[in-house]
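One file, query_30.cif, is given below (mmCIF, C-alpha atoms).
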data_coords
#
loop_
_atom_site.label_atom_id
_atom_site.label_comp_id
_atom_site.auth_asym_id
_atom_site.auth_seq_id
_atom_site.Cartn_x
_atom_site.Cartn_y
_atom_site.Cartn_z
CA MET U 160 68.22 -45.08 -27.43
CA THR U 161 64.85 -43.35 -27.06
CA LEU U 162 62.21 -44.22 -24.50
CA ALA U 163 59.71 -44.88 -27.29
CA ALA U 164 61.95 -47.58 -28.76
CA SER U 165 62.40 -49.18 -25.34
CA ASP U 166 58.65 -49.19 -24.76
CA THR U 167 58.07 -50.69 -28.20
CA GLY U 168 60.54 -53.44 -27.40
CA ASN U 169 58.86 -54.16 -24.07
CA LEU U 170 55.46 -54.25 -25.76
CA PHE U 171 56.63 -56.64 -28.47
CA LEU U 172 58.33 -58.97 -25.98
CA ALA U 173 55.27 -59.02 -23.72
CA ILE U 174 52.98 -59.86 -26.65
CA ALA U 175 55.41 -62.58 -27.79
CA ALA U 176 55.35 -64.12 -24.30
CA VAL U 177 51.54 -64.07 -24.26
CA ALA U 178 51.48 -65.70 -27.70
CA GLY U 179 53.86 -68.47 -26.60
CA LEU U 180 51.87 -69.08 -23.42
CA CYS U 181 48.61 -69.22 -25.41
CA ILE U 182 50.12 -71.79 -27.77
CA LEU U 183 51.23 -73.98 -24.85
CA HIS U 184 47.87 -73.43 -23.14
CA GLY U 185 46.12 -74.67 -26.29
CA VAL U 186 48.33 -77.77 -26.48
CA ILE U 187 47.56 -78.76 -22.89
CA THR U 188 43.86 -77.90 -23.13
CA ALA U 189 43.48 -80.02 -26.27
CA ARG U 190 44.66 -83.08 -24.34
CA ASP U 191 42.92 -83.03 -20.99
CA PRO U 192 42.36 -79.74 -19.16
CA ARG U 193 40.70 -81.57 -16.24
CA ALA U 194 43.65 -83.79 -15.38
CA PRO U 195 45.04 -82.83 -11.93
CA LEU U 196 48.56 -82.08 -13.19
CA ASN U 197 47.27 -80.19 -16.23
CA ARG U 198 45.07 -78.01 -14.00
CA ARG U 199 48.13 -77.00 -11.98
CA PHE U 200 50.12 -76.29 -15.12
CA LEU U 201 47.30 -74.27 -16.65
CA PHE U 202 47.04 -72.21 -13.46
CA GLY U 203 50.71 -71.27 -13.77
CA LEU U 204 50.33 -70.42 -17.43
CA ARG U 205 47.34 -68.18 -16.71
CA VAL U 206 49.26 -66.40 -13.97
CA MET U 207 52.08 -65.59 -16.39
CA MET U 208 49.60 -64.59 -19.08
CA MET U 209 48.01 -62.13 -16.65
CA LEU U 210 51.43 -60.71 -15.83
CA PHE U 211 52.46 -60.12 -19.45
CA ILE U 212 49.03 -58.89 -20.54
CA GLY U 213 49.21 -56.36 -17.71
CA ARG U 214 52.69 -55.37 -18.85
CA ALA U 215 51.52 -54.88 -22.44
CA LEU U 216 48.50 -52.81 -21.39
CA PHE U 217 50.67 -50.69 -19.11
CA VAL U 218 53.07 -49.92 -21.95
CA LEU U 219 50.22 -49.13 -24.34
CA THR U 220 48.19 -46.90 -22.04
CA ASP U 221 50.63 -45.76 -19.33
CA VAL U 222 47.77 -46.31 -16.87
CA GLN U 223 49.25 -47.09 -13.45
CA ALA U 224 46.31 -49.33 -12.51
CA PHE U 225 47.55 -52.02 -14.89
CA ARG U 226 50.60 -52.47 -12.65
CA PHE U 227 48.22 -54.34 -10.34
CA PHE U 228 48.09 -57.27 -12.78
CA ILE U 229 51.86 -57.23 -13.16
CA LEU U 230 52.49 -57.20 -9.42
CA LEU U 231 49.78 -59.78 -8.66
CA GLY U 232 51.09 -62.11 -11.36
CA ALA U 233 54.61 -61.82 -9.97
CA ALA U 234 53.31 -62.53 -6.45
CA LEU U 235 51.57 -65.71 -7.62
CA VAL U 236 54.57 -67.17 -9.45
CA PRO U 237 56.09 -68.96 -6.38
CA LEU U 238 52.68 -70.49 -5.60
CA SER U 239 52.41 -71.70 -9.20
CA VAL U 240 55.88 -73.25 -9.02
CA LEU U 241 55.08 -75.01 -5.74
CA LEU U 242 51.75 -76.40 -6.97
CA LEU U 243 53.31 -77.65 -10.21
CA CYS U 244 56.23 -79.30 -8.40
CA GLU U 245 53.88 -81.11 -6.02
CA GLY U 246 51.86 -82.37 -8.96
CA LEU U 247 54.89 -83.47 -10.98
CA LEU U 248 56.58 -85.21 -8.06
CA ARG U 249 53.38 -86.65 -6.56
CA ARG U 250 54.44 -85.54 -3.08
CA HIS U 251 53.71 -82.68 -0.69
CA ALA U 252 56.22 -79.93 -0.08
CA PRO U 253 57.59 -79.60 3.47
CA PRO U 254 55.35 -77.59 5.84
CA TRP U 255 57.92 -74.79 6.12
CA ALA U 256 57.92 -74.36 2.33
CA LYS U 257 54.12 -74.21 2.19
CA THR U 258 54.02 -71.69 5.00
CA TRP U 259 56.66 -69.47 3.44
CA VAL U 260 54.96 -69.47 0.03
CA ALA U 261 51.49 -68.94 1.52
CA VAL U 262 52.56 -65.99 3.69
CA GLY U 263 54.58 -64.41 0.89
CA THR U 264 51.73 -64.80 -1.59
CA ILE U 265 49.27 -63.12 0.77
CA VAL U 266 51.64 -60.26 1.65
CA PHE U 267 52.63 -59.40 -1.92
CA SER U 268 49.10 -59.93 -3.27
CA VAL U 269 47.90 -57.32 -0.81
CA LEU U 270 50.80 -55.01 -1.68
CA SER U 271 49.90 -55.33 -5.37
CA LEU U 272 46.72 -53.33 -4.63
CA TRP U 273 49.05 -50.35 -4.10
CA TRP U 274 49.91 -50.09 -7.80
CA SER U 275 51.71 -46.79 -7.39
CA ASP U 276 55.51 -47.01 -7.32
CA SER U 277 55.74 -44.91 -4.16
CA ILE U 278 56.70 -47.97 -2.07
CA ASP U 279 59.29 -49.14 -4.57
CA PRO U 280 62.10 -50.16 -4.79
CA LEU U 281 61.60 -51.81 -1.37
CA ARG U 282 58.58 -53.76 -2.60
CA LEU U 283 60.37 -54.83 -5.79
CA ILE U 284 63.39 -56.05 -3.83
CA GLY U 285 61.12 -58.07 -1.54
CA LEU U 286 59.23 -59.48 -4.54
CA LEU U 287 62.50 -60.43 -6.22
CA VAL U 288 63.67 -62.26 -3.08
CA PHE U 289 60.29 -64.00 -2.77
CA GLN U 290 60.27 -65.12 -6.41
CA PHE U 291 63.83 -66.34 -6.20
CA SER U 292 63.03 -68.31 -3.03
CA GLY U 293 60.07 -69.91 -4.81
CA PHE U 294 62.31 -71.13 -7.61
CA VAL U 295 64.87 -72.36 -5.07
CA ILE U 296 62.17 -74.35 -3.25
CA GLY U 297 61.05 -75.84 -6.58
CA GLY U 298 64.63 -76.78 -7.42
CA TYR U 299 65.09 -78.32 -3.97
CA LEU U 300 62.00 -80.49 -4.41
CA VAL U 301 63.18 -81.62 -7.84
CA PHE U 302 66.70 -82.54 -6.75
CA THR U 303 65.56 -84.35 -3.60
CA ARG U 304 62.78 -86.31 -5.31
CA ALA U 305 62.60 -90.09 -5.11
CA ARG U 306 63.42 -90.92 -8.72
CA ASP U 307 62.46 -94.57 -8.33
CA ASP U 308 58.91 -93.55 -7.37
CA LEU U 309 58.42 -91.86 -10.75
CA SER U 310 58.31 -93.39 -14.19
CA ALA U 311 60.94 -92.62 -16.82
CA SER U 312 58.47 -90.33 -18.59
CA GLU U 313 57.67 -88.48 -15.36
CA ASN U 314 61.37 -88.04 -14.55
CA ARG U 315 62.00 -86.71 -18.06
CA THR U 316 59.17 -84.20 -17.69
CA VAL U 317 60.45 -82.99 -14.32
CA GLU U 318 64.02 -82.62 -15.56
CA ARG U 319 63.05 -80.79 -18.72
CA LEU U 320 60.80 -78.27 -16.97
CA ALA U 321 63.38 -77.78 -14.22
CA PHE U 322 66.06 -77.14 -16.82
CA SER U 323 64.04 -74.20 -18.15
CA LEU U 324 64.70 -72.42 -14.85
CA VAL U 325 68.39 -72.16 -15.79
CA LEU U 326 67.42 -69.47 -18.27
CA LEU U 327 64.14 -68.25 -16.78
CA VAL U 328 65.42 -67.34 -13.30
CA PRO U 329 68.28 -65.00 -14.34
CA LEU U 330 66.12 -63.35 -17.00
CA ALA U 331 63.29 -62.83 -14.49
CA ALA U 332 65.79 -61.31 -12.05
CA ALA U 333 67.03 -59.03 -14.83
CA ASP U 334 63.52 -57.55 -15.09
CA PHE U 335 63.73 -56.31 -11.51
CA LEU U 336 67.30 -55.07 -11.98
CA MET U 337 66.78 -53.62 -15.46
CA VAL U 338 67.71 -50.07 -14.43
CA TYR U 339 70.77 -51.15 -12.47
CA LEU U 340 71.96 -53.47 -15.27
CA GLY U 341 71.39 -50.83 -17.93
CA LEU U 342 69.09 -53.00 -20.02
CA PRO U 343 66.81 -51.34 -22.59
CA ALA U 344 63.91 -53.76 -22.02
CA GLN U 345 62.57 -56.49 -19.74
CA ILE U 346 63.86 -59.73 -21.27
CA SER U 347 62.11 -62.35 -19.12
CA PRO U 348 59.76 -63.21 -22.06
CA LEU U 349 62.71 -64.99 -23.66
CA GLY U 350 62.94 -67.31 -20.65
CA VAL U 351 59.18 -67.89 -20.76
CA LEU U 352 59.35 -68.81 -24.44
CA PHE U 353 62.20 -71.22 -23.65
CA LEU U 354 59.96 -72.84 -21.02
CA CYS U 355 57.15 -73.12 -23.58
CA TRP U 356 59.58 -74.66 -26.09
CA LEU U 357 60.65 -77.38 -23.64
CA ALA U 358 57.06 -78.03 -22.51
CA VAL U 359 55.71 -78.41 -26.05
CA SER U 360 58.58 -80.78 -26.92
CA LEU U 361 57.33 -83.11 -24.17
CA GLY U 362 54.53 -84.04 -26.58
CA ARG U 363 57.08 -86.08 -28.49
CA ALA U 364 57.75 -88.98 -26.15
CA GLN U 365 60.68 -90.23 -28.22
CA THR U 366 62.47 -86.89 -28.06
CA ARG U 367 65.43 -86.81 -25.69
CA HIS U 368 66.58 -83.76 -23.76
CA ARG U 369 69.31 -83.05 -26.29
CA ALA U 370 67.00 -82.61 -29.31
CA PRO U 371 64.99 -79.55 -28.12
CA LEU U 372 68.11 -77.96 -26.60
CA VAL U 373 70.07 -78.31 -29.84
CA SER U 374 67.10 -76.92 -31.77
CA PHE U 375 66.81 -73.97 -29.38
CA LEU U 376 70.53 -73.22 -29.64
CA ALA U 377 70.30 -73.36 -33.45
CA VAL U 378 67.37 -70.91 -33.44
CA ALA U 379 69.12 -68.63 -30.93
CA LEU U 380 72.31 -68.66 -32.99
CA ALA U 381 70.46 -67.86 -36.23
CA ALA U 382 68.47 -65.07 -34.57
CA GLY U 383 71.61 -63.72 -32.89
CA LEU U 384 73.56 -63.57 -36.12
CA SER U 385 70.64 -61.86 -37.86
CA GLY U 386 70.41 -59.28 -35.08
CA VAL U 387 74.13 -58.56 -35.15
CA VAL U 388 74.09 -58.11 -38.92
CA LEU U 389 71.14 -55.70 -38.73
CA ALA U 390 72.76 -53.79 -35.87
CA ARG U 391 75.99 -53.37 -37.84
CA MET U 392 74.13 -52.37 -41.01
CA PHE U 393 72.20 -49.60 -39.28
CA GLY U 394 74.93 -48.54 -36.87
CA MET U 395 72.95 -49.28 -33.69
CA ASP U 396 74.31 -48.65 -30.20
CA LYS U 397 74.39 -51.25 -27.42
CA ASP U 398 70.75 -50.76 -26.44
CA GLY U 399 69.58 -50.95 -30.03
CA THR U 400 71.56 -54.14 -30.59
CA ILE U 401 70.12 -55.80 -27.47
CA LEU U 402 66.57 -54.82 -28.44
CA THR U 403 67.05 -56.09 -31.99
CA LEU U 404 68.40 -59.42 -30.77
CA ALA U 405 65.57 -59.85 -28.27
CA VAL U 406 62.83 -58.96 -30.75
CA ILE U 407 64.15 -61.25 -33.50
CA LEU U 408 64.68 -64.17 -31.12
CA SER U 409 61.22 -63.83 -29.57
CA ALA U 410 59.54 -63.60 -32.98
CA VAL U 411 61.34 -66.70 -34.25
CA LEU U 412 60.53 -68.64 -31.08
CA VAL U 413 56.83 -67.84 -31.34
CA ALA U 414 56.79 -68.91 -34.99
CA VAL U 415 58.57 -72.19 -34.24
CA LEU U 416 56.30 -72.86 -31.25
CA PHE U 417 53.25 -72.36 -33.46
CA ILE U 418 54.62 -74.78 -36.07
CA GLU U 419 55.53 -77.34 -33.39
CA ALA U 420 52.07 -77.17 -31.85
CA ARG U 421 50.44 -77.57 -35.26
CA THR U 422 52.67 -80.55 -35.98
CA LEU U 423 51.67 -82.20 -32.71
CA ARG U 424 48.02 -81.63 -33.53
CA ALA U 425 48.51 -83.08 -37.01
CA ASP U 426 50.24 -86.13 -35.55
CA GLU U 427 47.25 -86.76 -33.32
CA ARG U 428 44.93 -86.71 -36.33
CA SER U 429 47.27 -88.37 -38.80
CA GLU U 430 46.15 -91.49 -40.64
CA THR U 431 49.01 -93.76 -39.62
CA LEU U 432 49.03 -97.54 -39.85
CA LEU U 433 49.25 -97.64 -36.06
CA ARG U 434 45.92 -95.82 -35.90
CA HIS U 435 44.46 -98.48 -38.21
CA MET U 436 45.72 -101.17 -35.81
CA ALA U 437 44.29 -99.37 -32.80
CA ASP U 438 40.91 -98.58 -34.38
CA ASP U 439 40.39 -101.89 -36.17
CA ARG U 440 37.41 -103.84 -34.80
CA SER U 441 37.56 -106.89 -37.05
CA ARG U 442 37.91 -110.26 -35.38
CA ASP U 443 39.89 -112.03 -38.08
CA ALA U 444 42.94 -111.47 -40.24
CA LEU U 445 40.85 -111.17 -43.43
CA GLY U 446 38.80 -108.27 -42.04
CA PHE U 447 41.94 -106.62 -40.69
CA LEU U 448 43.66 -106.79 -44.08
CA ARG U 449 40.59 -105.55 -45.92
CA GLY U 450 40.66 -102.50 -43.68
CA LEU U 451 44.32 -102.10 -44.56
CA GLN U 452 43.42 -102.05 -48.25
CA ALA U 453 41.33 -98.91 -47.69
CA HIS U 454 44.00 -97.11 -45.67
CA PRO U 455 45.19 -93.90 -47.43
CA LEU U 456 48.84 -94.71 -46.89
CA VAL U 457 48.66 -98.11 -48.64
CA GLN U 458 45.41 -97.78 -50.55
CA GLY U 459 45.06 -100.56 -53.12
CA ALA U 460 46.98 -103.24 -51.22
CA VAL U 461 46.52 -106.63 -52.92
CA MET U 462 46.05 -109.92 -51.11
CA ILE U 463 47.93 -112.79 -52.74
CA ASP U 464 46.81 -116.36 -52.07
CA ALA U 465 48.49 -119.67 -52.84
CA GLU U 466 46.74 -120.06 -56.22
CA GLN U 467 48.30 -116.87 -57.54
CA LEU U 468 51.70 -118.23 -56.53
CA SER U 469 51.25 -121.65 -58.12
CA ASP U 470 53.98 -121.03 -60.71
CA LEU U 471 56.55 -120.34 -57.97
CA ASP U 472 58.26 -122.74 -55.59
CA ALA U 473 56.34 -122.52 -52.30
CA ASP U 474 59.28 -123.82 -50.26
CA VAL U 475 61.59 -121.13 -51.65
CA LEU U 476 59.05 -118.42 -50.84
CA ARG U 477 58.53 -119.75 -47.32
CA HIS U 478 62.30 -119.64 -46.78
CA VAL U 479 62.49 -116.08 -48.08
CA PHE U 480 59.64 -114.78 -45.91
CA ARG U 481 60.80 -116.72 -42.87
CA VAL U 482 64.01 -114.70 -43.04
CA ARG U 483 62.38 -111.45 -44.20
CA PRO U 484 58.64 -111.16 -43.32
CA VAL U 485 58.53 -107.67 -44.86
CA LEU U 486 60.28 -107.39 -48.21
CA ARG U 487 61.17 -104.07 -49.88
CA ARG U 488 61.82 -103.66 -53.57
CA SER U 489 64.54 -101.09 -52.89
CA ASP U 490 66.46 -103.34 -50.51
CA PRO U 491 65.84 -107.02 -51.20
CA PHE U 492 67.45 -109.33 -48.69
CA PHE U 493 68.21 -111.91 -51.40
CA SER U 494 69.75 -110.64 -54.62
CA ASP U 495 71.17 -113.76 -56.26
CA GLY U 496 70.13 -117.33 -56.98
CA VAL U 497 66.68 -118.83 -56.91
CA GLU U 498 65.49 -116.62 -54.06
CA GLY U 499 66.47 -113.49 -55.97
CA ASP U 500 64.60 -114.66 -59.07
CA HIS U 501 61.46 -115.37 -57.06
CA ILE U 502 61.59 -111.96 -55.36
CA SER U 503 62.13 -110.07 -58.61
CA HIS U 504 59.24 -111.94 -60.21
CA LEU U 505 56.91 -111.11 -57.30
CA PHE U 506 57.68 -107.38 -57.36
CA SER U 507 57.35 -107.20 -61.14
CA LEU U 508 54.11 -109.20 -61.21
CA PHE U 509 52.29 -107.08 -58.61
CA ASP U 510 54.13 -103.79 -59.23
CA ALA U 511 54.70 -103.50 -55.48
CA SER U 512 57.12 -101.62 -53.27
CA HIS U 513 56.56 -103.94 -50.30
CA ILE U 514 55.36 -107.52 -49.87
CA LEU U 515 54.26 -108.76 -46.44
CA LEU U 516 53.86 -112.33 -45.20
CA VAL U 517 50.44 -113.02 -43.67
CA SER U 518 50.37 -116.80 -43.37
CA GLU U 519 53.22 -119.21 -43.91
CA ILE U 520 51.05 -122.32 -43.78
CA ASP U 521 48.82 -121.58 -46.78
CA LEU U 522 51.28 -118.95 -48.09
CA THR U 523 49.21 -115.76 -48.06
CA LEU U 524 50.93 -112.48 -48.88
CA VAL U 525 49.99 -108.80 -49.19
CA ALA U 526 51.52 -106.64 -51.89
CA LEU U 527 51.33 -102.87 -51.60
CA SER U 528 52.82 -99.86 -53.28
CA MET U 529 54.02 -96.83 -51.33
CA PRO U 530 55.62 -93.81 -53.04
CA THR U 531 59.30 -93.53 -52.26
CA LEU U 532 58.83 -89.94 -51.08
CA ALA U 533 56.17 -91.09 -48.59
CA MET U 534 58.43 -93.63 -46.96
CA SER U 535 60.12 -93.00 -43.63
CA PRO U 536 61.70 -95.11 -40.90
CA ARG U 537 58.47 -94.76 -38.93
CA ALA U 538 56.36 -96.01 -41.87
CA GLU U 539 58.66 -99.01 -42.27
CA LEU U 540 58.29 -99.79 -38.58
CA GLU U 541 54.50 -99.51 -38.83
CA LEU U 542 54.46 -101.95 -41.76
CA ALA U 543 56.46 -104.45 -39.70
CA ALA U 544 53.96 -104.05 -36.83
CA VAL U 545 51.01 -104.55 -39.19
CA GLN U 546 52.62 -107.69 -40.62
CA ARG U 547 53.26 -109.08 -37.16
CA MET U 548 49.71 -108.40 -36.03
CA ALA U 549 48.23 -110.05 -39.14
CA CYS U 550 50.36 -113.15 -38.56
CA LEU U 551 49.25 -113.37 -34.93
CA MET U 552 45.59 -113.04 -35.93
CA VAL U 553 46.00 -115.87 -38.45
CA ALA U 554 47.69 -118.04 -35.83
CA ASP U 555 44.73 -117.54 -33.45
CA GLU U 556 42.13 -118.58 -36.02
#

Represent the structure contained in this file as structure tokens.
Amino acid sequence: MTLAASDTGNLFLAIAAVAGLCILHGVITARDPRAPLNRRFLFGLRVMMMLFIGRALFVLTDVQAFRFFILLGAALVPLSVLLLCEGLLRRHAPPWAKTWVAVGTIVFSVLSLWWSDSIDPLRLIGLLVFQFSGFVIGGYLVFTRARDDLSASENRTVERLAFSLVLLVPLAAADFLMVYLGLPAQISPLGVLFLCWLAVSLGRAQTRHRAPLVSFLAVALAAGLSGVVLARMFGMDKDGTILTLAVILSAVLVAVLFIEARTLRADERSETLLRHMADDRSRDALGFLRGLQAHPLVQGAVMIDAEQLSDLDADVLRHVFRVRPVLRRSDPFFSDGVEGDHISHLFSLFDASHILLVSEIDLTLVALSMPTLAMSPRAELELAAVQRMACLMVADE
């Protein structure tokens, strides 16, 4: 294993970490960069970005002065953890914890000005102990928090971010002990990307802890198998295999993070029926339904009044829609008898995929056609919500 290959691996991993942090930074900034908790989180992200940018520049130029940014970033990590924990838990850390972190931050920030390695490894050992103690303090605050004082969403956020430390802490420690462990590169960027993965997944409120973890394990397994195959094909030694695995995994994680962030952004801008409900400013059911007619998802929805249903038995239709306010062509609730005949006639007459009840009194319906490929459980749920809202608006008139 040559030094050039090791440096290339370190450079790639550092750039991958910066890319992942920038993606997460963009996700948080797009929401509300001025929110108190977001400001604390952004501070921590910028600290880590400074650390890995310094590492990349040091590898590229071999200029010792860039070690200042690496050492300063490492010194600020415990402070970042403490500030974020206080914001997440909405409580102050114990005075002893604040004192310890404040003193350690000042001491190692000053020592970072001595970017030469002449005072190492003593400084690195002290920095490792200080960083580890910062993570321990963060873990202590998380495990001793008053869960009842936080909402379910806040508890989920705390647990997910805390779980990232399971991988981040040992990988960060491996950076300091790289020579003693015989590692070919500093692999803490993988832990940072795991943290970014869990943080970005918080944007999906319905996602449980298991979903992002299973996804991460699937990505790690695929990347690991690819790395092993490449290592066997080219006859790599242990160092080459480790570097190949780390590079592939980091590249895949950055790509998936980018896609996930783009998906979140698209969801925020998507033209869903829920957005129509939230943005609608009409004061009556007729105006609300007319707005629905122009919605891209159900464009061309047709309102059906009692006159258009004069050749059908109104009592039969009321019974059908009392049981099933939202009817689907693909899964009719009634398939036989008079009800089945009425339903088949309605779908054939209006060439609809769905028919919604608006008013049972004067029997007003809405027929709409949605492509089968565009349907999803979420779209079905949104249609049910739209139907319920229209009925409530009619009842209030």

Next on the checklist: Which residues are close to range 402-404 of chain U, i.e. within 10 Å by only C-alpha atoms, leaving aside same-chain residues fewer than 4 positions away? Reply as a PyMOL selection string.
Outcome noted: chain U and resi 160+164-165+167-169+172+342-346+379+382-387+389-390+395+397-398+408-409

Next on the checklist: Under the PyMOL selection byres ((chain U and resi 326) around 10), which residues of this model are included? Write them out as a VMD selection string.
Outcome noted: chain U and resid 322 to 325 327 to 331 347 349 to 351 353 to 354

Deliver the residues from the most recent selection as a file, using C-alpha atoms, as a short mmCIF file (atom, residue, chain, number, x, y, z; two decimals), in the coordinates of the input.
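Saved the output as result_33.cif:
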data_model
loop_
_atom_site.label_atom_id
_atom_site.label_comp_id
_atom_site.auth_asym_id
_atom_site.auth_seq_id
_atom_site.Cartn_x
_atom_site.Cartn_y
_atom_site.Cartn_z
CA PHE U 322 66.06 -77.14 -16.82
CA SER U 323 64.04 -74.20 -18.15
CA LEU U 324 64.70 -72.42 -14.85
CA VAL U 325 68.39 -72.16 -15.79
CA LEU U 327 64.14 -68.25 -16.78
CA VAL U 328 65.42 -67.34 -13.30
CA PRO U 329 68.28 -65.00 -14.34
CA LEU U 330 66.12 -63.35 -17.00
CA ALA U 331 63.29 -62.83 -14.49
CA SER U 347 62.11 -62.35 -19.12
CA LEU U 349 62.71 -64.99 -23.66
CA GLY U 350 62.94 -67.31 -20.65
CA VAL U 351 59.18 -67.89 -20.76
CA PHE U 353 62.20 -71.22 -23.65
CA LEU U 354 59.96 -72.84 -21.02
#

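In terms of minimum interatomic distance to Arg421 in chain U, U:Val186 ranks closest within U:Leu542, U:Leu471, U:Val266, U:Val186, counting only C-alpha atoms.
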
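CA of Phe217 in chain U is found 23.8 Å from CA of Cys355 in chain U.
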
Checklist entry - For Leu551 in chain U, which residue among U:Phe506, U:Phe447, U:Phe211, U:Trp255 is the nearest when counting all atoms listed in the file? => result U:Phe447

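Using all atoms listed in the file, the smallest distance between any of U:Ala178, U:Ile278, U:Leu287, U:Leu219 and Gly263 in chain U comes from U:Leu287.
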
Item to check | Given the PyMOL selection byres ((chain U and resi 462) around 8), the residues it picks as number ranges by chain | outcome: U: 460-461, 463-464, 523-526
